[in-house]
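Beneath this line is the structure, given in structure tokens, with notes to follow.
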Amino acid sequence: MTPLFTVEGLVVSRGGHRVLDGASLTLRPGERLAVVGPNGAGKTTLLRSLIGLEKAEHGTITAFGSLRRTEKEFRPVRARAGYLFQDADDQLFCPTVIDDVAFGPLNLGLAPREAAERALAVLERLHLGHLSARITHRLSGGEKRLVALAGVLAMEPEALLLDEPTNALDDVHYRRLLDILSGLPMAMIVVSHDRPFLHRLSTRVLALRQGRLLPAAFHSHPHTHDHLHIHVEGDHAHRH
Amino acid sequence: MTPLFTVEGLVVSRGGHRVLDGASLTLRPGERLAVVGPNGAGKTTLLRSLIGLEKAEHGTITAFGSLRRTEKEFRPVRARAGYLFQDADDQLFCPTVIDDVAFGPLNLGLAPREAAERALAVLERLHLGHLSARITHRLSGGEKRLVALAGVLAMEPEALLLDEPTNALDDVHYRRLLDILSGLPMAMIVVSHDRPFLHRLSTRVLALRQGRLLPAAFHSHPHTHDHLHIHVEGDHAHRH
Amino acid sequence: MKAPGFDRMTPRARLLATLILTLAVVALRGLPAQGAALAGAFALALISGQALRPLLHRLAHVEGFMVLLLVMLPFSVPGTPLVTLGPLVLSAEGLARAIGIALKTNAAILIVFALLGTVEPLRLGHAARGLGAPVRLVQLFLFTTRYVELFRDEIRRRREAMRARAFARRTSLHTFRAYGNLAGMVLVRALEKAARVEEAMRCRAFDGRLPAIGIEEGERGILAGPGLALVVGAALIALDRLP
Amino acid sequence: MAHIPDGVLSLPVGVAGWAGAAALTGFALRSLKEEAIPGTAILAAVFFTVSLVAVPVGPSSVHLLLSGLMGLMIGPLTAPAVLVGLVLQALLFGFGGVTSLGVNLVNIALPGILAGLVLAGPVARATPGRAGVIAGIGAGLCVAATGGGVALALALSSSDFVPSARIMLVTYLPLMAAEALITGFSVGFLKRVKPEALAGARP
Ligand SMILES: Nc1ncnc2c1ncn2[C@@H]1O[C@H](COP(=O)(O)OP(=O)(O)OP(=O)(O)O)[C@@H](O)[C@H]1O
Ligand SMILES: Nc1ncnc2c1ncn2[C@@H]1O[C@H](COP(=O)(O)OP(=O)(O)OP(=O)(O)O)[C@@H](O)[C@H]1O
Ligand SMILES: [Mg+2]
Ligand SMILES: [Mg+2]
């Protein structure tokens, strides 16, 4: 199977500083690639480069079988690789949920009625149908994240690029998101600090270190350490 | 010693819902009080009420020896109890770091030169002197948090109210913050989900449950569980 | 927000009725018709079923130049003297003028409040589109409503942060500088948000042409409300102009 | 502050105002690329929300117009931004009027657009401090022009209004001062933190 993305020797600078310095990766169909790294390592920069929002100084990006360099060459990539922003509020710009989810399909050339139908179908599939007439800015943080995901999925992308998707989610929305993502067939690159989440979702891990991507692996073992509890007076004693 | 804060039977509603429902606490000089509780329990609401940003429906707040009810009565409290916001981004609004740190002293009536001197002194004390001419907006998340703390300390408060101070800090800034706070002499109320941090810093713990504050205690014991690591190829093996 | 009174009228019909009625009110010249207009507008506000307290609050607020205008008119319009205060002469015609303006102004405020007070800005945008407003203007309006609350919250949080650092607003250079910085900071954040939103649009295959977002279809009952407004407006003008 | 309510202006003045407003807005909209709509809306939302902040001047308080700052930041798009602001103002708070909307728009937006045209160059070249002074003076003059516009609209509506229109400008003095100072400081801020924000064209 030909890879969806092949990146080789990517160099990208931001604010005069080389954030990516020879990063390489391959994403094959069905793979779920986790990318980890400390704050400021360049994880967001990497995802942005893959769809041409960040300009590469050196290196090559091959996406969906073709080399991509110019804005024009990247445009079709953005329709086929859905990018979930680190901040959902930036991604929801239409007044109502249904408008927002239908925005992508409309841009793909669907008629308004078809676009609205597809948007509604995606919302239903994510069990968000009841939100469709809601005003986007009145959604809770977790709802915003899921609606943003619906907007991306409505374009029927072949790959997903997810930038810290579990950020600022409460437990309910966290589990919903994990269930949804686990059930999706397409390839993904997931950036996150959330190890249990990555462990359950991803098939392979890369670590971003000094601007390069290094293979990494999850590794789980029993571990003994001091566990810090807080006991509240009046609660039942618990067993350890 | 007379307490800095005495709260009794505090009731505060937000969005039509009783968030605090009979909360009581006392903060004495030199104490470092930890407040813990799940998301949405009302921890932020509690801190905001202490400096009068949230209106109490019932109950009394005594701060620095006087009963406080009106906006006017709370104003001097805000000069004497420094409040570090949950999101440092909300707290910084001046163009440069030195301007921002000097804002509080200026509000206290210092002359511009004195205010700038005091701001610089505080920045130096926190080893942030090199940031003084920087544009606040371009600081990293961790730097923003420390500069916001400097802005609070520049008012020479008698007590600190810290709302999740370790949120979104990377390791370096986390340790810096812990060192700084451990070295400060004043009383504090620290809201946080970060147990190791609270354990090292606080002298007493209260848990917020159903709108009330209950005494709680740290409790530490050895514990075995699965520990999830990510191993990067080429790194040295580590010991568990 | 609930307005049992006008729930069944579509936003487009309400907008049209508002335009017709305010236009009629503005054209009135005599006190009897102006008084009738105010009474009718008040009845409309009652029917709309909204809380009247914010409305009364609003009516109590008069801009500086309007105070000046209303206070000076009785003295500056020549006519039958009613009261003489030294060099100042309060004329009956001038007083009628001032009262008339106050009646018309308040009637118009009541009409807007009654008919549009409960319409979501979003639906109003679509209604304006239905009445022929330019698409881009309506889109600008709709996108703006999307962001107003976001920035209101941001400004509120920042002002609280200022108060938490013992800031008290006064008439002082320090206060003006603080507000200037506040506005500057919020604008910078807004510009960066704008850049990110533009990227988000490009990521969803946006090619420079905004789709005509969700224009509401099938509004019925377009005629009843505005038709009634037309009749009432015409009746008011007739009352005013016919001897 | 510059919101003339319904029922004051004469019909011809109201109609002329609507015509002027339509011309200004139509001209600006033609240059508004569709991809710039969300960005412009974000700025319009900020200008609107900042204008809701009550600024203390002596014993009372004023609300800023921000037209000078808008002119410097978004140029002719000030017209639709002000229009949206006026509509929201009327809907949310009941200020301004329906028939007087056009006059209000012209009174507020036109001075801002002109100030943007004249001052964008000098502000772009100046140091932050000087840019603040230039913009502050410009913004103060914009308020004076708006006051003049209000007075003119009243005087044209009825000769009875002329005496009060004459002394009307006095009521604009506090707003002029607040607007000049706050715009000045904002522009100083923007010059230091994000100078490209004062491009005067589109964001
Ligand atoms: N707009 C910008 N201008 C200049 N430098 C930037 C900008 N955005 C990010 N940077 C810098 O680029 C580097 C990489 O940022 P990036 O956002 O890719 O990191 P990240 O790994 O996604 O971090 P996080 O975990 O905090 O999201 C950082 O050092 C950051 O300071
Ligand atoms: N602006 C608001 N309007 C209405 N309700 C609010 C608002 N802010 C908070 N609340 C509600 O008040 C409750 C308490 O919120 P608060 O922010 O005090 O919780 P918290 O304990 O600080 O939570 P977290 O750990 O998430 O910071 C929550 O249920 C929340 O939904
Ligand atoms: Mg990132
Ligand atoms: Mg909180």
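Order determines the names: the first chain of the structure tokens is A, the second B, and so forth; residues in each chain are numbered 1 upward, and ligands are numbered 1 upward as they are shown.
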Test item: residues at most 10 Å from Gly151 of chain B, only C-alpha atoms, excluding those fewer than 6 positions along its chain, as JSON, numbers by chain = {"B": [82, 83, 84, 91, 92, 97, 98, 99, 100, 101, 102, 103, 104, 105, 119, 122, 123, 145], "C": [165]}
For the interface of chain B with ligand 4 (cut-off 7 Å, counting only C-alpha atoms and all ligand atoms), please tabulate each contacting residue of chain B alongside its nearest pair of atoms and their separation in Å to one decimal, rows sorted by chain and increasing number, as JSON lines.
{"residue": "B:Gly40", "atom": "CA", "partner": "ligand 4", "partner_atom_place_in_ligand_line": "1 (Mg)", "distance": 6.9}
{"residue": "B:Gly42", "atom": "CA", "partner": "ligand 4", "partner_atom_place_in_ligand_line": "1 (Mg)", "distance": 6.8}
{"residue": "B:Lys43", "atom": "CA", "partner": "ligand 4", "partner_atom_place_in_ligand_line": "1 (Mg)", "distance": 5.4}
{"residue": "B:Thr44", "atom": "CA", "partner": "ligand 4", "partner_atom_place_in_ligand_line": "1 (Mg)", "distance": 4.0}
{"residue": "B:Gln86", "atom": "CA", "partner": "ligand 4", "partner_atom_place_in_ligand_line": "1 (Mg)", "distance": 6.4}
{"residue": "B:Asp163", "atom": "CA", "partner": "ligand 4", "partner_atom_place_in_ligand_line": "1 (Mg)", "distance": 6.6}
Please write the residues from the selection above to a file, keeping N, CA and C atoms, as a PDB file, in the first residue's frame.
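result.pdb written:
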ATOM      1  N   GLY B  40     -15.308  21.935  38.523  1.00  0.00           N
ATOM      2  CA  GLY B  40     -16.640  22.498  38.694  1.00  0.00           C
ATOM      3  C   GLY B  40     -17.127  22.488  40.127  1.00  0.00           C
ATOM      4  N   GLY B  42     -16.229  24.406  42.485  1.00  0.00           N
ATOM      5  CA  GLY B  42     -16.390  25.767  42.980  1.00  0.00           C
ATOM      6  C   GLY B  42     -15.127  26.339  43.589  1.00  0.00           C
ATOM      7  N   LYS B  43     -13.985  25.753  43.260  1.00  0.00           N
ATOM      8  CA  LYS B  43     -12.730  26.219  43.849  1.00  0.00           C
ATOM      9  C   LYS B  43     -12.408  27.642  43.387  1.00  0.00           C
ATOM     10  N   THR B  44     -12.533  27.856  42.075  1.00  0.00           N
ATOM     11  CA  THR B  44     -12.282  29.200  41.562  1.00  0.00           C
ATOM     12  C   THR B  44     -13.291  30.184  42.143  1.00  0.00           C
ATOM     13  N   GLN B  86      -6.383  31.551  37.227  1.00  0.00           N
ATOM     14  CA  GLN B  86      -6.237  30.211  36.665  1.00  0.00           C
ATOM     15  C   GLN B  86      -5.557  30.276  35.298  1.00  0.00           C
ATOM     16  N   ASP B 163      -4.677  30.029  41.972  1.00  0.00           N
ATOM     17  CA  ASP B 163      -5.655  29.171  41.313  1.00  0.00           C
ATOM     18  C   ASP B 163      -4.943  28.285  40.281  1.00  0.00           C
TER      19      ASP B 163
END
12 Å contacts from chain B to chain D using only C-alpha atoms, as a ChimeraX atom specification: /B:93-97,99,133-139
Could those residues be written to a file, using all heavy atoms, as a short mmCIF file (atom, residue, chain, number, x, y, z; two decimals), in the first residue's frame?
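Listing of out30.cif after writing:
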data_model
loop_
_atom_site.label_atom_id
_atom_site.label_comp_id
_atom_site.auth_asym_id
_atom_site.auth_seq_id
_atom_site.Cartn_x
_atom_site.Cartn_y
_atom_site.Cartn_z
N PHE B 93 -1.74 42.29 30.55
CA PHE B 93 -2.36 43.12 29.51
C PHE B 93 -1.52 44.31 29.11
O PHE B 93 -1.91 45.05 28.22
CB PHE B 93 -3.75 43.57 29.95
CG PHE B 93 -3.71 44.63 31.00
CD1 PHE B 93 -3.93 45.94 30.68
CD2 PHE B 93 -3.42 44.29 32.30
CE1 PHE B 93 -3.88 46.92 31.65
CE2 PHE B 93 -3.35 45.26 33.27
CZ PHE B 93 -3.59 46.58 32.94
N CYS B 94 -0.37 44.53 29.75
CA CYS B 94 0.47 45.66 29.36
C CYS B 94 1.42 45.22 28.25
O CYS B 94 1.69 44.04 28.10
CB CYS B 94 1.24 46.18 30.56
SG CYS B 94 0.17 46.93 31.79
N PRO B 95 1.95 46.20 27.49
CA PRO B 95 2.79 45.80 26.37
C PRO B 95 4.05 45.05 26.82
O PRO B 95 4.39 44.02 26.26
CB PRO B 95 3.14 47.11 25.66
CG PRO B 95 2.55 48.21 26.47
CD PRO B 95 1.64 47.64 27.49
N THR B 96 4.75 45.55 27.83
CA THR B 96 5.98 44.88 28.23
C THR B 96 5.86 44.33 29.65
O THR B 96 4.99 44.71 30.43
CB THR B 96 7.18 45.85 28.20
OG1 THR B 96 6.92 46.89 29.12
CG2 THR B 96 7.40 46.43 26.81
N VAL B 97 6.76 43.42 29.95
CA VAL B 97 6.76 42.75 31.24
C VAL B 97 6.89 43.76 32.38
O VAL B 97 6.14 43.70 33.36
CB VAL B 97 7.91 41.72 31.29
CG1 VAL B 97 8.11 41.20 32.70
CG2 VAL B 97 7.61 40.58 30.33
N ASP B 99 6.12 46.93 32.51
CA ASP B 99 4.87 47.68 32.64
C ASP B 99 3.85 46.88 33.42
O ASP B 99 3.15 47.39 34.28
CB ASP B 99 4.24 47.94 31.26
CG ASP B 99 4.99 48.98 30.48
OD1 ASP B 99 5.72 49.78 31.11
OD2 ASP B 99 4.86 48.99 29.24
N ALA B 133 12.16 43.67 29.59
CA ALA B 133 11.80 44.49 28.43
C ALA B 133 11.01 43.70 27.39
O ALA B 133 10.61 44.25 26.36
CB ALA B 133 13.07 45.05 27.79
N ARG B 134 10.77 42.41 27.66
CA ARG B 134 10.08 41.58 26.66
C ARG B 134 8.61 41.96 26.55
O ARG B 134 8.01 42.51 27.47
CB ARG B 134 10.20 40.10 27.05
CG ARG B 134 11.59 39.53 26.84
CD ARG B 134 11.77 38.97 25.43
NE ARG B 134 10.93 37.82 25.20
CZ ARG B 134 11.19 36.59 25.60
NH1 ARG B 134 12.29 36.34 26.28
NH2 ARG B 134 10.38 35.60 25.33
N ILE B 135 8.04 41.63 25.41
CA ILE B 135 6.63 41.88 25.16
C ILE B 135 5.82 40.74 25.77
O ILE B 135 6.07 39.57 25.46
CB ILE B 135 6.42 42.02 23.65
CG1 ILE B 135 7.16 43.29 23.23
CG2 ILE B 135 4.95 42.03 23.28
CD1 ILE B 135 6.73 43.91 21.97
N THR B 136 4.91 41.06 26.67
CA THR B 136 4.22 40.02 27.45
C THR B 136 3.57 38.99 26.53
O THR B 136 3.60 37.80 26.80
CB THR B 136 3.11 40.60 28.32
OG1 THR B 136 2.30 41.46 27.54
CG2 THR B 136 3.68 41.39 29.48
N HIS B 137 3.00 39.49 25.46
CA HIS B 137 2.24 38.65 24.56
C HIS B 137 3.08 37.53 23.96
O HIS B 137 2.57 36.48 23.60
CB HIS B 137 1.68 39.55 23.46
CG HIS B 137 0.84 38.83 22.49
ND1 HIS B 137 -0.36 38.30 22.84
CD2 HIS B 137 1.05 38.52 21.20
CE1 HIS B 137 -0.87 37.71 21.78
NE2 HIS B 137 -0.04 37.83 20.77
N ARG B 138 4.40 37.74 23.85
CA ARG B 138 5.24 36.74 23.17
C ARG B 138 5.94 35.80 24.15
O ARG B 138 6.80 35.03 23.74
CB ARG B 138 6.31 37.45 22.33
CG ARG B 138 5.72 38.40 21.34
CD ARG B 138 6.37 38.28 19.96
NE ARG B 138 5.82 39.34 19.12
CZ ARG B 138 6.45 40.47 18.89
NH1 ARG B 138 7.67 40.69 19.38
NH2 ARG B 138 5.90 41.39 18.13
N LEU B 139 5.61 35.85 25.42
CA LEU B 139 6.24 34.95 26.38
C LEU B 139 5.68 33.54 26.20
O LEU B 139 4.56 33.36 25.71
CB LEU B 139 5.96 35.43 27.80
CG LEU B 139 6.49 36.80 28.18
CD1 LEU B 139 6.00 37.18 29.58
CD2 LEU B 139 8.00 36.84 28.12
#
Would you tabulate, counting only C-alpha atoms and all ligand atoms, all residues of chain B that have an atom at most 12 Å from an atom of ligand 1, showing the closest pair of atoms and their distance in Å to one decimal, sorted by chain then ascending number, as a tab-separated table?
residue	atom	partner	partner_atom_place_in_ligand_line	distance
B:His137	CA	ligand 1	1 (N)	10.8
B:Arg138	CA	ligand 1	3 (N)	8.1
B:Leu139	CA	ligand 1	31 (O)	8.3
B:Ser140	CA	ligand 1	31 (O)	6.5
B:Gly141	CA	ligand 1	26 (O)	8.0
B:Gly142	CA	ligand 1	26 (O)	10.1
B:Glu143	CA	ligand 1	31 (O)	11.3
B:Ala168	CA	ligand 1	26 (O)	8.4
B:Leu169	CA	ligand 1	26 (O)	9.4
B:Asp170	CA	ligand 1	26 (O)	8.8
Between chain A and chain B, the Cα RMSD after least-squares superposition over all Cα in sequence order is 1.1 Å
* For ligand 3, collect every residue having any atom at a distance of at most 12 Å from a ligand atom (counting only C-alpha atoms and all ligand atoms); output as JSON, numbers by chain. => {"A": [19, 35, 36, 37, 38, 39, 40, 41, 42, 43, 44, 45, 46, 47, 48, 84, 85, 86, 87, 162, 163, 164, 165, 167, 190, 191, 192, 193, 208], "B": [141, 168]}
Residue selection dump (N, CA and C atoms) as a PDB file, in the first residue's frame:
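Saved file result_26.pdb follows:
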ATOM      1  N   VAL A  19      12.567  24.849  14.373  1.00  0.00           N
ATOM      2  CA  VAL A  19      11.712  24.024  15.215  1.00  0.00           C
ATOM      3  C   VAL A  19      11.766  22.569  14.751  1.00  0.00           C
ATOM      4  N   VAL A  35       2.384  11.089  18.100  1.00  0.00           N
ATOM      5  CA  VAL A  35       3.585  11.920  18.163  1.00  0.00           C
ATOM      6  C   VAL A  35       3.618  12.576  19.537  1.00  0.00           C
ATOM      7  N   VAL A  36       4.711  12.323  20.257  1.00  0.00           N
ATOM      8  CA  VAL A  36       4.827  12.896  21.603  1.00  0.00           C
ATOM      9  C   VAL A  36       6.053  13.799  21.660  1.00  0.00           C
ATOM     10  N   GLY A  37       6.083  14.667  22.655  1.00  0.00           N
ATOM     11  CA  GLY A  37       7.226  15.559  22.823  1.00  0.00           C
ATOM     12  C   GLY A  37       6.854  16.661  23.783  1.00  0.00           C
ATOM     13  N   PRO A  38       7.854  17.276  24.415  1.00  0.00           N
ATOM     14  CA  PRO A  38       7.549  18.325  25.407  1.00  0.00           C
ATOM     15  C   PRO A  38       6.920  19.563  24.759  1.00  0.00           C
ATOM     16  N   ASN A  39       6.401  20.452  25.597  1.00  0.00           N
ATOM     17  CA  ASN A  39       5.851  21.727  25.114  1.00  0.00           C
ATOM     18  C   ASN A  39       6.866  22.441  24.248  1.00  0.00           C
ATOM     19  N   GLY A  40       6.404  22.967  23.151  1.00  0.00           N
ATOM     20  CA  GLY A  40       7.286  23.756  22.308  1.00  0.00           C
ATOM     21  C   GLY A  40       8.217  22.917  21.449  1.00  0.00           C
ATOM     22  N   ALA A  41       8.072  21.592  21.478  1.00  0.00           N
ATOM     23  CA  ALA A  41       8.975  20.741  20.699  1.00  0.00           C
ATOM     24  C   ALA A  41       8.722  20.901  19.208  1.00  0.00           C
ATOM     25  N   GLY A  42       7.509  21.296  18.831  1.00  0.00           N
ATOM     26  CA  GLY A  42       7.231  21.477  17.406  1.00  0.00           C
ATOM     27  C   GLY A  42       6.162  20.533  16.889  1.00  0.00           C
ATOM     28  N   LYS A  43       5.385  19.957  17.771  1.00  0.00           N
ATOM     29  CA  LYS A  43       4.367  18.994  17.345  1.00  0.00           C
ATOM     30  C   LYS A  43       3.300  19.680  16.492  1.00  0.00           C
ATOM     31  N   THR A  44       2.805  20.819  16.971  1.00  0.00           N
ATOM     32  CA  THR A  44       1.811  21.554  16.194  1.00  0.00           C
ATOM     33  C   THR A  44       2.413  22.002  14.862  1.00  0.00           C
ATOM     34  N   THR A  45       3.652  22.464  14.916  1.00  0.00           N
ATOM     35  CA  THR A  45       4.330  22.891  13.694  1.00  0.00           C
ATOM     36  C   THR A  45       4.394  21.750  12.679  1.00  0.00           C
ATOM     37  N   LEU A  46       4.661  20.543  13.161  1.00  0.00           N
ATOM     38  CA  LEU A  46       4.732  19.380  12.271  1.00  0.00           C
ATOM     39  C   LEU A  46       3.390  19.149  11.559  1.00  0.00           C
ATOM     40  N   LEU A  47       2.309  19.123  12.337  1.00  0.00           N
ATOM     41  CA  LEU A  47       0.995  18.887  11.717  1.00  0.00           C
ATOM     42  C   LEU A  47       0.668  19.993  10.718  1.00  0.00           C
ATOM     43  N   ARG A  48       0.958  21.230  11.092  1.00  0.00           N
ATOM     44  CA  ARG A  48       0.670  22.346  10.194  1.00  0.00           C
ATOM     45  C   ARG A  48       1.468  22.228   8.895  1.00  0.00           C
ATOM     46  N   LEU A  84      -7.651  18.582  13.031  1.00  0.00           N
ATOM     47  CA  LEU A  84      -8.378  19.060  14.207  1.00  0.00           C
ATOM     48  C   LEU A  84      -7.452  19.978  14.993  1.00  0.00           C
ATOM     49  N   PHE A  85      -7.839  21.262  15.096  1.00  0.00           N
ATOM     50  CA  PHE A  85      -6.975  22.263  15.727  1.00  0.00           C
ATOM     51  C   PHE A  85      -6.813  22.025  17.221  1.00  0.00           C
ATOM     52  N   GLN A  86      -5.702  22.535  17.742  1.00  0.00           N
ATOM     53  CA  GLN A  86      -5.449  22.429  19.180  1.00  0.00           C
ATOM     54  C   GLN A  86      -6.543  23.152  19.966  1.00  0.00           C
ATOM     55  N   ASP A  87      -7.047  24.269  19.437  1.00  0.00           N
ATOM     56  CA  ASP A  87      -8.109  25.013  20.119  1.00  0.00           C
ATOM     57  C   ASP A  87      -9.384  24.962  19.276  1.00  0.00           C
ATOM     58  N   LEU A 162      -4.721  15.067  14.400  1.00  0.00           N
ATOM     59  CA  LEU A 162      -5.397  15.514  15.617  1.00  0.00           C
ATOM     60  C   LEU A 162      -4.386  16.167  16.556  1.00  0.00           C
ATOM     61  N   ASP A 163      -4.609  17.424  16.891  1.00  0.00           N
ATOM     62  CA  ASP A 163      -3.674  18.153  17.746  1.00  0.00           C
ATOM     63  C   ASP A 163      -4.238  18.246  19.163  1.00  0.00           C
ATOM     64  N   GLU A 164      -3.729  17.436  20.053  1.00  0.00           N
ATOM     65  CA  GLU A 164      -4.164  17.383  21.451  1.00  0.00           C
ATOM     66  C   GLU A 164      -5.685  17.347  21.570  1.00  0.00           C
ATOM     67  N   PRO A 165      -6.277  16.275  21.019  1.00  0.00           N
ATOM     68  CA  PRO A 165      -7.742  16.239  20.979  1.00  0.00           C
ATOM     69  C   PRO A 165      -8.392  16.117  22.360  1.00  0.00           C
ATOM     70  N   ASN A 167      -7.446  17.636  25.124  1.00  0.00           N
ATOM     71  CA  ASN A 167      -7.272  18.839  25.935  1.00  0.00           C
ATOM     72  C   ASN A 167      -8.583  19.386  26.460  1.00  0.00           C
ATOM     73  N   VAL A 190      -1.795  11.475  15.769  1.00  0.00           N
ATOM     74  CA  VAL A 190      -2.347  12.070  16.988  1.00  0.00           C
ATOM     75  C   VAL A 190      -1.224  12.664  17.811  1.00  0.00           C
ATOM     76  N   VAL A 191      -1.295  13.954  18.037  1.00  0.00           N
ATOM     77  CA  VAL A 191      -0.362  14.626  18.935  1.00  0.00           C
ATOM     78  C   VAL A 191      -1.036  14.725  20.286  1.00  0.00           C
ATOM     79  N   SER A 192      -0.351  14.309  21.330  1.00  0.00           N
ATOM     80  CA  SER A 192      -0.975  14.421  22.649  1.00  0.00           C
ATOM     81  C   SER A 192       0.055  14.242  23.744  1.00  0.00           C
ATOM     82  N   HIS A 193      -0.284  14.781  24.910  1.00  0.00           N
ATOM     83  CA  HIS A 193       0.530  14.533  26.099  1.00  0.00           C
ATOM     84  C   HIS A 193      -0.095  13.414  26.922  1.00  0.00           C
ATOM     85  N   LEU A 208       9.258  13.479  19.262  1.00  0.00           N
ATOM     86  CA  LEU A 208       9.892  14.642  18.640  1.00  0.00           C
ATOM     87  C   LEU A 208      10.968  15.165  19.591  1.00  0.00           C
TER      88      LEU A 208
ATOM     89  N   GLY B 141       4.168  29.968  27.776  1.00  0.00           N
ATOM     90  CA  GLY B 141       3.167  29.761  28.819  1.00  0.00           C
ATOM     91  C   GLY B 141       3.761  29.809  30.221  1.00  0.00           C
ATOM     92  N   ALA B 168      -0.417  23.628  32.983  1.00  0.00           N
ATOM     93  CA  ALA B 168       0.232  23.878  31.703  1.00  0.00           C
ATOM     94  C   ALA B 168       1.669  24.363  31.824  1.00  0.00           C
TER      95      ALA B 168
END
Distance query segment 20-29 of chain D at most 12 Å, only C-alpha atoms, self and fewer than 2 positions along chain excluded, as a VMD selection string
(chain C and resid 133 to 140) or (chain D and resid 13 to 18 31 to 34 36 to 37 40 71 74 to 84 86 99 to 114 201 to 202)
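Note that atom CA of Ser164 of chain D and atom CA of Gly136 of chain D are 27.8 Å apart.
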(request) Please determine the contact residues of chain C with respect to chain B at a cut-off of 10 Å, counting only C-alpha atoms, and supply them as a ChimeraX atom specification. (result) /C:154-169,174-175,177-186,188-189
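Minimum atom-to-atom distance to ligand 2, evaluated using only C-alpha atoms and all ligand atoms, belongs to A:Asp171 out of A:Arg204, A:Glu158, A:Asp171, A:Ala56.
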ask   = Could you pull out all residues of segment 18-229 of chain B with a DSSP call of alpha helix (DSSP H) and give them as a ChimeraX atom specification?
value = /B:43-50,71-80,88-91,97-107,112-125,141-153,171-182,195-201
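The protein and nucleic acid residues lying at most 8 Å from segment 121-127 of chain C are A:Pro95, C:Pro11, C:Arg12, C:Leu15, C:Val119, C:Arg129, C:Gly130, C:Leu131, C:Val138, C:Gln139, C:Phe141, C:Leu142, C:Thr145, C:Ile215, C:Glu216, D:Leu88, D:Leu91, with only C-alpha atoms considered and sequence neighbours fewer than 2 positions away removed.
Minimum distance to chain C across D:Pro38, D:Gly116, D:Gly140, D:Gly132 (counting only C-alpha atoms) occurs at D:Pro38.
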Quiz prompt | strand (DSSP E or B) residues, from DSSP on the backbone, in chain D, as number ranges by chain | solution = D: 54-57, 60-63
Go ahead and save the residues from that selection, with C-alpha atoms, as a CSV table (one decimal), in the first residue's frame.
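Result went into part20.csv, see below:
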chain,number,residue,atom,x,y,z
D,54,ALA,CA,-17.9,52.6,30.5
D,55,VAL,CA,-14.9,55.0,30.8
D,56,PRO,CA,-15.0,57.3,33.7
D,57,VAL,CA,-14.8,61.0,32.9
D,60,SER,CA,-20.1,60.6,34.8
D,61,SER,CA,-18.8,58.0,32.2
D,62,VAL,CA,-18.7,57.7,28.5
D,63,HIS,CA,-18.6,55.0,25.9
Closest of B:Ala207, B:Ala150, B:Ala63, B:Met186 to ligand 2, counting only C-alpha atoms and all ligand atoms, is B:Ala207
Judged by only C-alpha atoms and all ligand atoms, the minimum distance to ligand 2 among B:Leu4, B:Leu178, B:Leu33, B:Leu213 is found for B:Leu213
Shell around Thr84 of chain C at 12 Å using only C-alpha atoms, local window under 6 positions removed, as an mmCIF file with N, CA and C atoms, in the first residue's frame:
data_model
loop_
_atom_site.group_PDB
_atom_site.id
_atom_site.type_symbol
_atom_site.label_atom_id
_atom_site.label_comp_id
_atom_site.auth_asym_id
_atom_site.auth_seq_id
_atom_site.Cartn_x
_atom_site.Cartn_y
_atom_site.Cartn_z
ATOM 1 N N PRO C 74 -38.182 74.374 24.512
ATOM 2 C CA PRO C 74 -39.279 75.227 24.979
ATOM 3 C C PRO C 74 -38.886 76.696 25.072
ATOM 4 N N PHE C 75 -37.605 76.955 25.283
ATOM 5 C CA PHE C 75 -37.168 78.340 25.430
ATOM 6 C C PHE C 75 -36.759 78.965 24.106
ATOM 7 N N LEU C 90 -40.619 80.665 28.165
ATOM 8 C CA LEU C 90 -41.015 79.300 27.828
ATOM 9 C C LEU C 90 -42.304 79.387 27.017
ATOM 10 N N SER C 91 -42.212 78.906 25.746
ATOM 11 C CA SER C 91 -43.378 79.055 24.885
ATOM 12 C C SER C 91 -44.167 77.753 24.807
ATOM 13 N N ALA C 92 -45.459 77.886 24.577
ATOM 14 C CA ALA C 92 -46.329 76.715 24.457
ATOM 15 C C ALA C 92 -45.920 75.878 23.260
#
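Using only C-alpha atoms, the residues found no farther than 10 Å from Ala37 of chain C, other than those of its own chain fewer than 5 positions away, are Leu21, Thr22, Ala24, Val25, Val26, Leu28, Leu31, Pro32, Phe42, Ala43, Leu103, Lys104, Asn106, Ala107, Ala108, Ile111, Val232, Gly233, Leu236 and Ile237 of chain C.
With only C-alpha atoms and all ligand atoms as the atoms that count, the residue of C:Leu68, C:Ile47, C:Ala98, C:Leu150 with the shortest distance to ligand 2 is C:Leu150.
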Just want the 12 Å neighbourhood of segment 48-52 of chain C, counted on only C-alpha atoms, with same-chain residues fewer than 5 positions away dropped. Output as an MDAnalysis selection string. chainID C and resid 1:9 14 41:43 57:59 110:119
